[in-house]
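A.B. asks: Handing you a structure now.
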Amino acid sequence: MQTFDLLISGAGPAGLCLARALSGAGLSIGVVEQQPQAVLADPSFDGREIALTQRSADTLRRLGLWERIQAFDAAALSPLRDAQVLNGPSSFAMVIGHGLTRRSELGWLVSNHLIRRAAWDAVQDSIARHGDITLIAADGVAHTLVDEQAAQITLASGAQLRARLLVAADSRFSATRRAVGIGASQHDFGRTMLVFQVTHDEPHHHTAWEWFGHAQTLALLPMNNDPATGEHRASVVLTLAHQRIEPLLTLDEPAFNADITRRFDHRLGAMRLTSTRHAYPLVGVYPHRMVATRFACVGDAAVGMHPVTAHGFNFGLRAVETLSRELLAAQAAGCDIGAPEPLARYQRKHRLATRPLYEITRFIATLYTNEAPPARLLRDAALRLGQRLTPFKRAVAASLAGGR
Ligand SMILES: Cc1cc2nc3c(=O)[nH]c(=O)nc-3n(C[C@H](O)[C@H](O)[C@H](O)COP(=O)(O)OP(=O)(O)OC[C@H]3O[C@@H](n4cnc5c(N)ncnc54)[C@H](O)[C@@H]3O)c2cc1C
């Protein structure tokens with residue numbers, strides 16, 4: 001049986017960032033992933049444009065991902081200067097400007113597949129420098145057993161691995177979290193998100209849109225202009241009932257372009273699809289606990305956010321920061337990294353950092369998809385009131401920027 005100090009199940013962005021954050025401290029780290037290595041090394045475009053807070057950008061700089069993303073594509077990091085929230089057919093918008101913070105932008109937008117590729121490359125760099133990470137790909141975790149002595153997993157191939165601590169980074173529907181007996185509250189929003197990239201005629205001025213239209217929600221995430229053609233580019237997120245998303249996945253391009261231009265009420269002129277289309281069902285998940293005996297979860301396995309407030313991966317990075325700090329301190333003090341104390345401290349801090357926004361996001365997503373006339377009136381009133389309340393807008397701006 002192969003033995004490690006720490007095992008991570010899942011080599012998504014959270015699992016890889018955790019391995020990178022812990023590398024070089026004398027810990028032996030095993031990362032287990034069900035997908036093949038070729039997919040991890042060169043992940044394909046998945047439609048997601050991830051809004052990163054300034055705090056997350058700092059974390060990615062420290063982990064060495066930021067400059068790798070820039071090296072892949074000089075236009076890959078798009079500044080998010082301002083954000084506006086619209087309701088129904090009205091042109092009134094609540095604007096959250098970067099001027100409410102001390103930065104020249106609220107945050108950044110980066111394609112998820114580039115984050116994953118940079119995380120993979122950074123881990124390869126850690127392996128070359130420290131030789132302390134073992135990646136086991138194309139072999140998923142099939143069975144999990146944790147007790148006071150050790151955490152033990154059996155892979156689909158039958159291989160058995162043992163460690164002082166097992167960290168689940170295997171998505172919001174984490175099978176390892178469930179295997180150790182941690183349940184979760186789930187909220188199925190009954191909606192699906194369709195994500196894709198477009199070019200459009202009118203400039204977006206690097207302003208993100210969240211538009212709670214009637215019977216649809218639209219988000220526009222501003223990207224840098226196409227360096228080759230100078231065209232304005234954005235990522236679009238359209239939220240509808242799944243039965244209305246399905247036909248859009250295969251609608252021919254001219255009809256799709258006309259449909260999306262009409263949905264945006266021609267406010268950015270003609271829009272043209274430039275990428276593949278990807279659909280994601282919307283289910284929020286918050287586990288009852290984030291730790292158990294010799295076990296912790298990070299990333300979506302710790303908090304499965306609704307994307308409307310753009311905090312899923314930001315919280316994933318926050319978990320990496322908090323847990324790695326606890327584990328590195330335990331390691332430096334010569335203590336057991338799987339002991340209950342550092343894990344309890346991680347859980348307390350991460351719940352405190354995430355639970356309020358998880359609940360607020362759930363409330364917003366429910367209110368702003370409720371089509372009953374009182375809900376429409378209430379959200380219109382809320383936006384108009386919000387626009388006048390500078391302290392409220394400052395708090396939203398601080399949340400988007402991530403604080404320190
Ligand atoms: C449409 C959309 C838009 C989003 N926008 C934003 C945004 O603007 N800002 C933001 O911060 N976040 C955003 N997010 C959230 C963000 O994408 C996620 O938080 C992030 O990708 C989760 O990373 P992860 O590593 O925790 O999980 P995942 O990316 O789900 O990775 C989990 C990994 O575990 C592996 N795995 C699963 N089971 C096993 C097993 N049994 N054995 C081994 N491996 C296993 C999987 O193959 C996968 O590689 C968005 C999400 C969506 C869907």
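We name chains A, B, ... following the order of the structure tokens; residues begin at 1 in each chain, and ligands are numbered from 1 as shown.
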In segment 43-255 of chain A, what's helix (DSSP H, G or I) per DSSP? Answer as an NGL selection string?
C.D. replies: :A and (54-62 or 66-72 or 98-100 or 112-130 or 175-179 or 242-250 or 253-255)
A.B. asks: Suppose we keep C-alpha atoms; can you now write the selection as an mmCIF file, in the first residue's frame?
C.D. replies:
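Saved result, out26.cif, follows:
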```cif
data_model
loop_
_atom_site.group_PDB
_atom_site.id
_atom_site.type_symbol
_atom_site.label_atom_id
_atom_site.label_comp_id
_atom_site.auth_asym_id
_atom_site.auth_seq_id
_atom_site.Cartn_x
_atom_site.Cartn_y
_atom_site.Cartn_z
ATOM 1 C CA GLN A 54 -8.609 40.982 -6.180
ATOM 2 C CA ARG A 55 -7.914 38.676 -3.249
ATOM 3 C CA SER A 56 -8.112 35.617 -5.530
ATOM 4 C CA ALA A 57 -5.891 37.339 -8.099
ATOM 5 C CA ASP A 58 -3.302 37.822 -5.333
ATOM 6 C CA THR A 59 -3.570 34.140 -4.370
ATOM 7 C CA LEU A 60 -3.102 33.082 -8.004
ATOM 8 C CA ARG A 61 -0.040 35.355 -8.247
ATOM 9 C CA ARG A 62 1.434 33.752 -5.130
ATOM 10 C CA TRP A 66 -1.281 34.385 -12.865
ATOM 11 C CA GLU A 67 1.853 34.788 -14.991
ATOM 12 C CA ARG A 68 1.241 31.393 -16.583
ATOM 13 C CA ILE A 69 -2.242 32.486 -17.711
ATOM 14 C CA GLN A 70 -0.752 35.708 -19.112
ATOM 15 C CA ALA A 71 1.876 33.681 -20.959
ATOM 16 C CA PHE A 72 -0.787 31.415 -22.564
ATOM 17 C CA HIS A 98 -14.736 50.456 -9.083
ATOM 18 C CA GLY A 99 -14.584 53.983 -7.586
ATOM 19 C CA LEU A 100 -16.206 52.464 -4.469
ATOM 20 C CA ASN A 112 -11.857 28.400 -16.404
ATOM 21 C CA HIS A 113 -9.914 26.089 -18.742
ATOM 22 C CA LEU A 114 -6.920 28.467 -18.584
ATOM 23 C CA ILE A 115 -7.029 28.462 -14.768
ATOM 24 C CA ARG A 116 -7.067 24.648 -14.842
ATOM 25 C CA ARG A 117 -4.203 24.503 -17.343
ATOM 26 C CA ALA A 118 -2.123 26.974 -15.316
ATOM 27 C CA ALA A 119 -2.815 24.986 -12.117
ATOM 28 C CA TRP A 120 -1.658 21.793 -13.828
ATOM 29 C CA ASP A 121 1.528 23.467 -15.077
ATOM 30 C CA ALA A 122 2.230 24.973 -11.640
ATOM 31 C CA VAL A 123 1.925 21.521 -10.061
ATOM 32 C CA GLN A 124 4.333 20.098 -12.664
ATOM 33 C CA ASP A 125 6.748 22.854 -11.651
ATOM 34 C CA SER A 126 6.362 21.881 -7.964
ATOM 35 C CA ILE A 127 7.026 18.247 -8.850
ATOM 36 C CA ALA A 128 10.194 19.219 -10.726
ATOM 37 C CA ARG A 129 11.405 21.421 -7.861
ATOM 38 C CA HIS A 130 10.430 19.438 -4.777
ATOM 39 C CA ALA A 175 -18.589 11.140 -3.219
ATOM 40 C CA THR A 176 -15.750 11.098 -0.655
ATOM 41 C CA ARG A 177 -17.569 13.667 1.518
ATOM 42 C CA ARG A 178 -20.645 11.453 1.467
ATOM 43 C CA ALA A 179 -18.576 8.308 2.129
ATOM 44 C CA HIS A 242 -33.904 23.481 -18.778
ATOM 45 C CA GLN A 243 -36.576 22.764 -21.405
ATOM 46 C CA ARG A 244 -35.956 26.235 -22.862
ATOM 47 C CA ILE A 245 -32.171 25.887 -22.796
ATOM 48 C CA GLU A 246 -32.162 22.554 -24.643
ATOM 49 C CA PRO A 247 -33.292 23.878 -28.076
ATOM 50 C CA LEU A 248 -30.748 26.711 -27.843
ATOM 51 C CA LEU A 249 -27.878 24.228 -27.591
ATOM 52 C CA THR A 250 -28.428 23.112 -31.173
ATOM 53 C CA GLU A 253 -25.936 30.002 -35.645
ATOM 54 C CA PRO A 254 -27.808 32.772 -37.539
ATOM 55 C CA ALA A 255 -30.995 32.019 -35.575
#
```
A.B. asks: Hey, what's within 9 Å of Pro287 of chain A if we count only C-alpha atoms and toss same-chain stuff fewer than 6 positions away? As a ChimeraX atom specification, please?
C.D. replies: /A:172,177,182-186,301-304
A.B. asks: List all protein, DNA and RNA residues that have any atom at most 8 Å from ligand 1, counting only C-alpha atoms and all ligand atoms, and write the list as a PDB file with N, CA and C atoms, in the first residue's frame.
C.D. replies:
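Here's the written file pocket_6.pdb:
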```pdb
ATOM      1  N   SER A   9      -8.435  14.096  -3.217  1.00  0.00           N
ATOM      2  CA  SER A   9      -9.237  13.455  -4.271  1.00  0.00           C
ATOM      3  C   SER A   9      -9.811  14.554  -5.149  1.00  0.00           C
ATOM      4  N   GLY A  10      -9.459  14.524  -6.437  1.00  0.00           N
ATOM      5  CA  GLY A  10      -9.937  15.530  -7.390  1.00  0.00           C
ATOM      6  C   GLY A  10      -8.839  16.499  -7.770  1.00  0.00           C
ATOM      7  N   ALA A  11      -8.476  16.507  -9.063  1.00  0.00           N
ATOM      8  CA  ALA A  11      -7.460  17.447  -9.573  1.00  0.00           C
ATOM      9  C   ALA A  11      -8.137  18.520 -10.416  1.00  0.00           C
ATOM     10  N   GLY A  12      -9.245  19.052  -9.893  1.00  0.00           N
ATOM     11  CA  GLY A  12      -9.840  20.254 -10.478  1.00  0.00           C
ATOM     12  C   GLY A  12      -9.001  21.438 -10.016  1.00  0.00           C
ATOM     13  N   PRO A  13      -9.435  22.668 -10.320  1.00  0.00           N
ATOM     14  CA  PRO A  13      -8.622  23.822  -9.919  1.00  0.00           C
ATOM     15  C   PRO A  13      -8.371  23.887  -8.416  1.00  0.00           C
ATOM     16  N   ALA A  14      -9.341  23.519  -7.582  1.00  0.00           N
ATOM     17  CA  ALA A  14      -9.145  23.618  -6.124  1.00  0.00           C
ATOM     18  C   ALA A  14      -8.129  22.584  -5.642  1.00  0.00           C
ATOM     19  N   GLY A  15      -8.275  21.340  -6.079  1.00  0.00           N
ATOM     20  CA  GLY A  15      -7.353  20.278  -5.643  1.00  0.00           C
ATOM     21  C   GLY A  15      -5.921  20.579  -6.068  1.00  0.00           C
ATOM     22  N   LEU A  16      -5.750  21.052  -7.323  1.00  0.00           N
ATOM     23  CA  LEU A  16      -4.399  21.344  -7.812  1.00  0.00           C
ATOM     24  C   LEU A  16      -3.793  22.538  -7.080  1.00  0.00           C
ATOM     25  N   VAL A  32      -5.363  12.314  -6.559  1.00  0.00           N
ATOM     26  CA  VAL A  32      -6.030  11.261  -7.336  1.00  0.00           C
ATOM     27  C   VAL A  32      -7.122  11.882  -8.189  1.00  0.00           C
ATOM     28  N   GLU A  33      -7.146  11.564  -9.465  1.00  0.00           N
ATOM     29  CA  GLU A  33      -8.131  12.167 -10.370  1.00  0.00           C
ATOM     30  C   GLU A  33      -8.655  11.106 -11.333  1.00  0.00           C
ATOM     31  N   GLN A  34      -9.979  11.126 -11.529  1.00  0.00           N
ATOM     32  CA  GLN A  34     -10.563  10.113 -12.406  1.00  0.00           C
ATOM     33  C   GLN A  34     -10.328  10.388 -13.898  1.00  0.00           C
ATOM     34  N   GLN A  35     -10.100  11.666 -14.248  1.00  0.00           N
ATOM     35  CA  GLN A  35      -9.905  11.983 -15.663  1.00  0.00           C
ATOM     36  C   GLN A  35      -8.475  11.661 -16.097  1.00  0.00           C
ATOM     37  N   LEU A  40      -6.247  16.708 -18.223  1.00  0.00           N
ATOM     38  CA  LEU A  40      -5.835  17.642 -17.160  1.00  0.00           C
ATOM     39  C   LEU A  40      -4.769  18.609 -17.664  1.00  0.00           C
ATOM     40  N   GLY A  47     -16.758  26.991 -21.413  1.00  0.00           N
ATOM     41  CA  GLY A  47     -17.768  28.054 -21.419  1.00  0.00           C
ATOM     42  C   GLY A  47     -17.653  29.007 -20.243  1.00  0.00           C
ATOM     43  N   ARG A  48     -17.064  28.553 -19.127  1.00  0.00           N
ATOM     44  CA  ARG A  48     -17.061  29.392 -17.911  1.00  0.00           C
ATOM     45  C   ARG A  48     -16.011  30.479 -17.984  1.00  0.00           C
ATOM     46  N   GLU A  49     -16.444  31.696 -17.790  1.00  0.00           N
ATOM     47  CA  GLU A  49     -15.524  32.813 -17.624  1.00  0.00           C
ATOM     48  C   GLU A  49     -15.598  33.131 -16.140  1.00  0.00           C
ATOM     49  N   ILE A  50     -14.519  32.951 -15.410  1.00  0.00           N
ATOM     50  CA  ILE A  50     -14.564  33.053 -13.950  1.00  0.00           C
ATOM     51  C   ILE A  50     -14.234  34.478 -13.509  1.00  0.00           C
ATOM     52  N   ALA A  51     -15.167  35.097 -12.758  1.00  0.00           N
ATOM     53  CA  ALA A  51     -14.901  36.423 -12.182  1.00  0.00           C
ATOM     54  C   ALA A  51     -14.099  36.216 -10.908  1.00  0.00           C
ATOM     55  N   LEU A  52     -12.905  36.781 -10.884  1.00  0.00           N
ATOM     56  CA  LEU A  52     -12.019  36.613  -9.724  1.00  0.00           C
ATOM     57  C   LEU A  52     -11.945  37.901  -8.931  1.00  0.00           C
ATOM     58  N   THR A  53     -11.978  37.790  -7.627  1.00  0.00           N
ATOM     59  CA  THR A  53     -11.802  38.967  -6.777  1.00  0.00           C
ATOM     60  C   THR A  53     -10.314  39.347  -6.785  1.00  0.00           C
ATOM     61  N   LEU A 109     -11.598  38.769 -15.041  1.00  0.00           N
ATOM     62  CA  LEU A 109     -12.293  37.634 -15.654  1.00  0.00           C
ATOM     63  C   LEU A 109     -11.287  36.762 -16.387  1.00  0.00           C
ATOM     64  N   ASN A 112     -12.123  29.484 -17.355  1.00  0.00           N
ATOM     65  CA  ASN A 112     -11.857  28.400 -16.404  1.00  0.00           C
ATOM     66  C   ASN A 112     -10.819  27.409 -16.927  1.00  0.00           C
ATOM     67  N   ASP A 139      -7.912   7.288 -12.638  1.00  0.00           N
ATOM     68  CA  ASP A 139      -8.212   6.279 -11.616  1.00  0.00           C
ATOM     69  C   ASP A 139      -8.938   6.977 -10.458  1.00  0.00           C
ATOM     70  N   GLY A 140     -10.237   6.842 -10.408  1.00  0.00           N
ATOM     71  CA  GLY A 140     -11.012   7.569  -9.398  1.00  0.00           C
ATOM     72  C   GLY A 140     -11.052   6.878  -8.051  1.00  0.00           C
ATOM     73  N   VAL A 141     -11.448   7.635  -7.031  1.00  0.00           N
ATOM     74  CA  VAL A 141     -11.617   7.067  -5.691  1.00  0.00           C
ATOM     75  C   VAL A 141     -12.916   6.253  -5.685  1.00  0.00           C
ATOM     76  N   ALA A 142     -12.798   4.987  -5.320  1.00  0.00           N
ATOM     77  CA  ALA A 142     -13.987   4.126  -5.301  1.00  0.00           C
ATOM     78  C   ALA A 142     -14.495   3.904  -3.869  1.00  0.00           C
ATOM     79  N   LEU A 155      -8.823   2.816  -5.011  1.00  0.00           N
ATOM     80  CA  LEU A 155      -9.118   3.391  -6.319  1.00  0.00           C
ATOM     81  C   LEU A 155      -9.901   2.398  -7.182  1.00  0.00           C
ATOM     82  N   ALA A 169     -11.662  17.248  -2.945  1.00  0.00           N
ATOM     83  CA  ALA A 169     -11.804  18.395  -3.854  1.00  0.00           C
ATOM     84  C   ALA A 169     -12.481  17.858  -5.111  1.00  0.00           C
ATOM     85  N   ASP A 170     -13.471  16.997  -4.861  1.00  0.00           N
ATOM     86  CA  ASP A 170     -14.061  16.227  -5.973  1.00  0.00           C
ATOM     87  C   ASP A 170     -15.474  16.699  -6.331  1.00  0.00           C
ATOM     88  N   SER A 171     -15.677  18.017  -6.348  1.00  0.00           N
ATOM     89  CA  SER A 171     -16.903  18.676  -6.835  1.00  0.00           C
ATOM     90  C   SER A 171     -17.980  18.794  -5.755  1.00  0.00           C
ATOM     91  N   ARG A 172     -19.016  19.570  -6.084  1.00  0.00           N
ATOM     92  CA  ARG A 172     -20.083  19.826  -5.104  1.00  0.00           C
ATOM     93  C   ARG A 172     -20.848  18.557  -4.733  1.00  0.00           C
ATOM     94  N   SER A 174     -19.485  15.728  -4.105  1.00  0.00           N
ATOM     95  CA  SER A 174     -18.378  14.912  -3.607  1.00  0.00           C
ATOM     96  C   SER A 174     -18.801  13.547  -3.047  1.00  0.00           C
ATOM     97  N   ALA A 175     -18.291  12.495  -3.692  1.00  0.00           N
ATOM     98  CA  ALA A 175     -18.589  11.140  -3.219  1.00  0.00           C
ATOM     99  C   ALA A 175     -17.782  10.821  -1.966  1.00  0.00           C
ATOM    100  N   THR A 176     -16.563  11.384  -1.851  1.00  0.00           N
ATOM    101  CA  THR A 176     -15.750  11.098  -0.655  1.00  0.00           C
ATOM    102  C   THR A 176     -16.375  11.766   0.578  1.00  0.00           C
ATOM    103  N   MET A 193     -28.069  27.010 -16.676  1.00  0.00           N
ATOM    104  CA  MET A 193     -27.329  28.143 -17.261  1.00  0.00           C
ATOM    105  C   MET A 193     -26.728  27.710 -18.584  1.00  0.00           C
ATOM    106  N   LEU A 194     -26.886  28.563 -19.588  1.00  0.00           N
ATOM    107  CA  LEU A 194     -26.222  28.344 -20.875  1.00  0.00           C
ATOM    108  C   LEU A 194     -25.100  29.375 -20.968  1.00  0.00           C
ATOM    109  N   VAL A 195     -23.862  28.919 -21.199  1.00  0.00           N
ATOM    110  CA  VAL A 195     -22.732  29.857 -21.260  1.00  0.00           C
ATOM    111  C   VAL A 195     -22.016  29.741 -22.594  1.00  0.00           C
ATOM    112  N   VAL A 237     -24.109  34.572 -20.041  1.00  0.00           N
ATOM    113  CA  VAL A 237     -24.710  33.509 -19.236  1.00  0.00           C
ATOM    114  C   VAL A 237     -26.224  33.724 -19.280  1.00  0.00           C
ATOM    115  N   ALA A 279     -24.022  23.907 -21.101  1.00  0.00           N
ATOM    116  CA  ALA A 279     -25.154  24.046 -20.171  1.00  0.00           C
ATOM    117  C   ALA A 279     -24.789  23.467 -18.799  1.00  0.00           C
ATOM    118  N   TYR A 280     -25.192  24.186 -17.730  1.00  0.00           N
ATOM    119  CA  TYR A 280     -24.941  23.737 -16.352  1.00  0.00           C
ATOM    120  C   TYR A 280     -26.228  23.835 -15.535  1.00  0.00           C
ATOM    121  N   PRO A 281     -26.703  22.717 -14.977  1.00  0.00           N
ATOM    122  CA  PRO A 281     -27.871  22.794 -14.088  1.00  0.00           C
ATOM    123  C   PRO A 281     -27.501  23.520 -12.802  1.00  0.00           C
ATOM    124  N   LEU A 282     -28.442  24.254 -12.221  1.00  0.00           N
ATOM    125  CA  LEU A 282     -28.125  25.079 -11.047  1.00  0.00           C
ATOM    126  C   LEU A 282     -28.561  24.412  -9.748  1.00  0.00           C
ATOM    127  N   VAL A 298     -12.539  20.927   0.363  1.00  0.00           N
ATOM    128  CA  VAL A 298     -12.231  22.267  -0.151  1.00  0.00           C
ATOM    129  C   VAL A 298     -12.939  22.451  -1.501  1.00  0.00           C
ATOM    130  N   GLY A 299     -12.890  23.673  -2.032  1.00  0.00           N
ATOM    131  CA  GLY A 299     -13.469  23.950  -3.349  1.00  0.00           C
ATOM    132  C   GLY A 299     -14.972  23.760  -3.319  1.00  0.00           C
ATOM    133  N   ASP A 300     -15.529  23.335  -4.445  1.00  0.00           N
ATOM    134  CA  ASP A 300     -16.976  23.133  -4.507  1.00  0.00           C
ATOM    135  C   ASP A 300     -17.431  22.049  -3.531  1.00  0.00           C
ATOM    136  N   ALA A 301     -16.539  21.136  -3.155  1.00  0.00           N
ATOM    137  CA  ALA A 301     -16.915  20.092  -2.192  1.00  0.00           C
ATOM    138  C   ALA A 301     -17.207  20.702  -0.820  1.00  0.00           C
ATOM    139  N   ALA A 302     -16.647  21.904  -0.550  1.00  0.00           N
ATOM    140  CA  ALA A 302     -16.899  22.577   0.730  1.00  0.00           C
ATOM    141  C   ALA A 302     -18.062  23.556   0.613  1.00  0.00           C
ATOM    142  N   GLY A 304     -20.790  24.694  -2.588  1.00  0.00           N
ATOM    143  CA  GLY A 304     -21.232  24.660  -3.989  1.00  0.00           C
ATOM    144  C   GLY A 304     -22.161  25.833  -4.241  1.00  0.00           C
ATOM    145  N   MET A 305     -21.576  26.956  -4.724  1.00  0.00           N
ATOM    146  CA  MET A 305     -22.337  28.207  -4.867  1.00  0.00           C
ATOM    147  C   MET A 305     -23.194  28.239  -6.127  1.00  0.00           C
ATOM    148  N   HIS A 306     -24.301  29.006  -6.108  1.00  0.00           N
ATOM    149  CA  HIS A 306     -24.995  29.430  -7.330  1.00  0.00           C
ATOM    150  C   HIS A 306     -24.072  30.481  -7.962  1.00  0.00           C
ATOM    151  N   PRO A 307     -23.806  30.421  -9.276  1.00  0.00           N
ATOM    152  CA  PRO A 307     -22.803  31.350  -9.850  1.00  0.00           C
ATOM    153  C   PRO A 307     -23.223  32.818  -9.905  1.00  0.00           C
ATOM    154  N   VAL A 308     -24.465  33.175  -9.556  1.00  0.00           N
ATOM    155  CA  VAL A 308     -24.913  34.553  -9.790  1.00  0.00           C
ATOM    156  C   VAL A 308     -24.050  35.599  -9.080  1.00  0.00           C
ATOM    157  N   THR A 309     -23.531  35.289  -7.892  1.00  0.00           N
ATOM    158  CA  THR A 309     -22.664  36.271  -7.227  1.00  0.00           C
ATOM    159  C   THR A 309     -21.173  35.985  -7.484  1.00  0.00           C
ATOM    160  N   ALA A 310     -20.905  35.039  -8.398  1.00  0.00           N
ATOM    161  CA  ALA A 310     -19.537  34.779  -8.884  1.00  0.00           C
ATOM    162  C   ALA A 310     -18.541  34.504  -7.758  1.00  0.00           C
ATOM    163  N   HIS A 311     -18.888  33.614  -6.844  1.00  0.00           N
ATOM    164  CA  HIS A 311     -17.980  33.367  -5.722  1.00  0.00           C
ATOM    165  C   HIS A 311     -17.492  31.935  -5.580  1.00  0.00           C
ATOM    166  N   GLY A 312     -17.928  31.015  -6.457  1.00  0.00           N
ATOM    167  CA  GLY A 312     -17.573  29.603  -6.275  1.00  0.00           C
ATOM    168  C   GLY A 312     -16.082  29.362  -6.165  1.00  0.00           C
ATOM    169  N   PHE A 313     -15.343  29.722  -7.213  1.00  0.00           N
ATOM    170  CA  PHE A 313     -13.898  29.459  -7.187  1.00  0.00           C
ATOM    171  C   PHE A 313     -13.177  30.425  -6.253  1.00  0.00           C
ATOM    172  N   ASN A 314     -13.740  31.622  -6.091  1.00  0.00           N
ATOM    173  CA  ASN A 314     -13.136  32.544  -5.109  1.00  0.00           C
ATOM    174  C   ASN A 314     -13.163  31.905  -3.723  1.00  0.00           C
ATOM    175  N   PHE A 315     -14.273  31.253  -3.395  1.00  0.00           N
ATOM    176  CA  PHE A 315     -14.341  30.541  -2.117  1.00  0.00           C
ATOM    177  C   PHE A 315     -13.414  29.317  -2.132  1.00  0.00           C
ATOM    178  N   GLY A 316     -13.270  28.706  -3.313  1.00  0.00           N
ATOM    179  CA  GLY A 316     -12.351  27.563  -3.435  1.00  0.00           C
ATOM    180  C   GLY A 316     -10.932  27.990  -3.074  1.00  0.00           C
TER     181      GLY A 316
END
```
A.B. asks: Separation of atom CA of Ala292 of chain A and atom CA of Ile360 of chain A, in Å?
C.D. replies: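 These atoms are spaced 26.5 Å apart.
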A.B. asks: Neighbours of segment 323-330 of chain A within 7 Å (only C-alpha atoms; same-chain residues fewer than 3 positions away dropped), as an MDAnalysis selection string?
C.D. replies: chainID A and resid 18 21:22 319:320 333:337 342 346
A.B. asks: As an MDAnalysis selection string, which residues of segment 164-224 of chain A does DSSP assign to strand (DSSP E)?
C.D. replies: chainID A and resid 165:168 184:200 207:213 216:223
A.B. asks: Those same residues - N, CA and C atoms - I'd like them written as a compact mmCIF listing (two decimals), in the first residue's frame.
C.D. replies:
```
# COMPACT_ATOMS: atom_id res chain seq x y z
N LEU A 165 -4.12 12.46 6.29
CA LEU A 165 -5.29 13.32 6.05
C LEU A 165 -5.77 13.14 4.62
N LEU A 166 -7.10 13.06 4.45
CA LEU A 166 -7.70 13.01 3.11
C LEU A 166 -8.46 14.31 2.89
N VAL A 167 -8.19 14.99 1.76
CA VAL A 167 -8.92 16.23 1.44
C VAL A 167 -9.75 15.97 0.18
N ALA A 168 -11.05 16.20 0.29
CA ALA A 168 -11.94 16.04 -0.87
C ALA A 168 -12.00 17.34 -1.65
N ALA A 184 -25.38 17.08 3.22
CA ALA A 184 -25.34 18.47 2.74
C ALA A 184 -26.75 18.97 2.47
N SER A 185 -26.97 20.29 2.68
CA SER A 185 -28.25 20.83 2.22
C SER A 185 -28.07 21.23 0.77
N GLN A 186 -29.03 20.85 -0.03
CA GLN A 186 -28.97 21.14 -1.46
C GLN A 186 -30.16 21.99 -1.83
N HIS A 187 -29.93 22.94 -2.73
CA HIS A 187 -31.04 23.74 -3.22
C HIS A 187 -31.04 23.66 -4.75
N ASP A 188 -32.05 22.97 -5.29
CA ASP A 188 -32.16 22.86 -6.75
C ASP A 188 -32.98 24.04 -7.23
N PHE A 189 -32.34 24.95 -8.00
CA PHE A 189 -33.03 26.16 -8.44
C PHE A 189 -33.99 25.90 -9.61
N GLY A 190 -33.97 24.67 -10.13
CA GLY A 190 -34.88 24.35 -11.23
C GLY A 190 -34.56 25.13 -12.50
N ARG A 191 -33.34 25.57 -12.63
CA ARG A 191 -32.92 26.36 -13.80
C ARG A 191 -31.60 25.80 -14.32
N THR A 192 -31.32 26.10 -15.59
CA THR A 192 -30.05 25.71 -16.20
C THR A 192 -29.41 26.96 -16.77
N MET A 193 -28.07 27.01 -16.68
CA MET A 193 -27.33 28.14 -17.26
C MET A 193 -26.73 27.71 -18.58
N LEU A 194 -26.89 28.56 -19.59
CA LEU A 194 -26.22 28.34 -20.88
C LEU A 194 -25.10 29.37 -20.97
N VAL A 195 -23.86 28.92 -21.20
CA VAL A 195 -22.73 29.86 -21.26
C VAL A 195 -22.02 29.74 -22.59
N PHE A 196 -21.61 30.89 -23.12
CA PHE A 196 -20.94 30.93 -24.43
C PHE A 196 -20.30 32.31 -24.60
N GLN A 197 -19.44 32.44 -25.61
CA GLN A 197 -18.80 33.74 -25.88
C GLN A 197 -19.38 34.35 -27.15
N VAL A 198 -19.38 35.69 -27.17
CA VAL A 198 -19.90 36.42 -28.34
C VAL A 198 -18.97 37.58 -28.68
N THR A 199 -19.12 38.09 -29.90
CA THR A 199 -18.62 39.43 -30.21
C THR A 199 -19.88 40.30 -30.37
N HIS A 200 -19.70 41.62 -30.16
CA HIS A 200 -20.88 42.51 -30.28
C HIS A 200 -20.45 43.87 -30.78
N THR A 207 -17.85 46.67 -18.20
CA THR A 207 -18.89 46.62 -17.17
C THR A 207 -19.62 45.27 -17.27
N ALA A 208 -19.73 44.58 -16.14
CA ALA A 208 -20.49 43.33 -16.12
C ALA A 208 -21.97 43.64 -15.95
N TRP A 209 -22.82 42.85 -16.57
CA TRP A 209 -24.27 43.03 -16.41
C TRP A 209 -24.86 41.82 -15.70
N GLU A 210 -25.77 42.09 -14.80
CA GLU A 210 -26.64 41.04 -14.28
C GLU A 210 -28.04 41.57 -14.53
N TRP A 211 -28.74 40.95 -15.45
CA TRP A 211 -30.03 41.49 -15.89
C TRP A 211 -31.13 40.49 -15.57
N PHE A 212 -31.93 40.85 -14.55
CA PHE A 212 -33.03 39.97 -14.17
C PHE A 212 -34.25 40.34 -15.02
N GLY A 213 -34.28 39.82 -16.23
CA GLY A 213 -35.40 40.09 -17.14
C GLY A 213 -36.61 39.29 -16.70
N GLN A 216 -36.36 35.35 -17.78
CA GLN A 216 -34.98 34.97 -18.13
C GLN A 216 -34.01 35.81 -17.30
N THR A 217 -32.83 35.28 -17.04
CA THR A 217 -31.78 36.08 -16.41
C THR A 217 -30.58 36.05 -17.35
N LEU A 218 -30.01 37.23 -17.57
CA LEU A 218 -28.88 37.35 -18.47
C LEU A 218 -27.70 37.94 -17.72
N ALA A 219 -26.52 37.39 -17.94
CA ALA A 219 -25.32 38.04 -17.41
C ALA A 219 -24.37 38.26 -18.58
N LEU A 220 -23.69 39.38 -18.54
CA LEU A 220 -22.68 39.68 -19.56
C LEU A 220 -21.36 39.92 -18.84
N LEU A 221 -20.36 39.14 -19.19
CA LEU A 221 -19.05 39.28 -18.55
C LEU A 221 -18.09 39.84 -19.58
N PRO A 222 -17.62 41.08 -19.36
CA PRO A 222 -16.83 41.77 -20.39
C PRO A 222 -15.43 41.20 -20.53
N MET A 223 -15.05 40.88 -21.76
CA MET A 223 -13.70 40.37 -22.02
C MET A 223 -12.91 41.42 -22.80
```
